[in-house]
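Asks: Quick one: this structure, given as structure tokens, is what I'll be asking you about.
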Amino acid sequence: KNIVIFASGTGSNAENIIQYFKNNTSKSVVAVFSNNSNAKVLEKANNLNVHTVSFNKDELYGDFVLSKLIELKPDLIVLAGFLLKFPEHIIAAFPNKIINIHPALLPNYGGKGMYGKHVHQAVLDNKETETGITIHFVNEQYDEGRIILQEKTSISDCTTSEEVATKVHELEHRFFPQVIDQLLTRNL
Ligand code: GRF
């Protein structure tokens with residue numbers, strides 16, 4: 001089973017997922033795609049001997065990225081900190097095979113721009129006592145695909161967005177690989 005990951009930045013989730021499947025004989029990460037040729041995630045993938053593809057917006061919303069994906073025949077496309085809206089023509093080409101992780105409890109704190117520390121600051125500003133992660137299928141509406149898993153964490157003892165981010169990253173790193181593994185095992 002082939003996994004392809006899309007990421008825009010640090011890539012701690014991508015690295016974690018690659019490591020998780022490193023010794024798996026039936027599932028592996030075959031490529032990491034990024035819209036940012038300087039993204040740390042590309043370095044991480046190279047260090048782990050995973051093929052990387054970087055692209056610009058024209059290539060994403062045009063034919064280049066889709067043609068690369070068709071070559072790789074992914075069984076699952078994983079958005080892990082990918083900050084652009086996923087193109088509809090790629091969603092149409094891989095129905096129910098694209099998942100995303102959102103660092104909050106959708107439908108709250110969803111939508112464009114609610115990524116990275118902004119979402120964590122918003123959660124703090126609203127005096128939430130908990131936050132969490134949402135892993136969901138990607139469809140044409142931003143952050144509105146069928147929810148696969150949600151996990152919560154208390155943040156009543158957090159005062160900065162960095163503290164919240166740390167707690168959310170712990171959940172992401174603990175649950176995302178398992179969800180991917182189960183989806184590929186159950187052929188969902
Ligand atoms: C994660 O918090 C993820 O939920 C969000 O962007 C962040 C990516 O972190 N979409 P990393 O690049 O995987 O470290």
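Chain lettering (A, B, ...) mirrors the order of the structure tokens, residue numbering begins at 1 for each chain separately, and ligand numbering begins at 1 in order of display.
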Counting only C-alpha atoms and all ligand atoms, what residues are within 10 Å of ligand 1, given as an MDAnalysis selection string?
Replies: chainID A and resid 6:17 39:41 79:83 100:104 114:117 119:120 132:135 165:173 176
Asks: Would you kindly return, as a list of chain:residue names, each protein, DNA or RNA residue with an atom no farther than 9 Å from any atom of A:Pro95, considering only C-alpha atoms and excluding same-chain residues fewer than 3 positions away?
Replies: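 That gives A:Ile90, A:Ile91, A:Ala92, A:Ile98, A:Val138, A:Asn139.
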Asks: Between atom CA of A:Lys44 and atom CA of A:Leu60, what is the distance, to one decimal in Å?
Replies: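 Those two atoms sit 21.5 Å apart.
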Asks: Find the nearest atom pair between each residue of stretch 29-77 of chain A and stretch 179-187 of chain A for residues within 12 Å, count only C-alpha atoms, give distances in Å to one decimal, sort rows by chain and ascending number, and present the table as a tab-separated table.
Replies:
```
residue	atom	partner	partner_atom	distance
A:Val29	CA	A:Ile180	CA	10.8
A:Pro74	CA	A:Leu184	CA	10.8
A:Asp75	CA	A:Leu184	CA	7.5
A:Leu76	CA	A:Leu184	CA	7.5
A:Ile77	CA	A:Ile180	CA	9.7
```
Asks: Could the residues in this selection be written to a file with C-alpha atoms, as a short mmCIF file (atom, residue, chain, number, x, y, z; two decimals), in the first residue's frame?
Replies:
```cif
data_model
loop_
_atom_site.label_atom_id
_atom_site.label_comp_id
_atom_site.auth_asym_id
_atom_site.auth_seq_id
_atom_site.Cartn_x
_atom_site.Cartn_y
_atom_site.Cartn_z
CA VAL A 29 5.35 6.29 2.44
CA PRO A 74 -1.23 6.16 -3.84
CA ASP A 75 -3.71 4.12 -1.83
CA LEU A 76 -3.92 7.05 0.60
CA ILE A 77 -3.00 10.73 0.30
#
```
Asks: Can you tell me which residues surround A:Ile99 at a distance of at most 6 Å, considering only C-alpha atoms, apart from same-chain residues fewer than 3 positions away, and format the answer as an MDAnalysis selection string?
Replies: chainID A and resid 78 136:138
Asks: Selected residues, C-alpha atoms, written as a PDB file, in the first residue's frame, please.
Replies:
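Output saved as selection28.pdb:
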```pdb
ATOM      1  CA  VAL A  78      -2.262  12.285   3.696  1.00  0.00           C
ATOM      2  CA  HIS A 136     -11.130  13.744   8.457  1.00  0.00           C
ATOM      3  CA  PHE A 137     -11.622  12.894   4.783  1.00  0.00           C
ATOM      4  CA  VAL A 138     -10.976  15.790   2.417  1.00  0.00           C
TER       5      VAL A 138
END
```
Asks: Which distance in Å separates atom CA of A:Ile70 and atom CA of A:Val30, to one decimal?
Replies: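 Interatomic distance, atom CA of A:Ile70 to atom CA of A:Val30: 12.6 Å.
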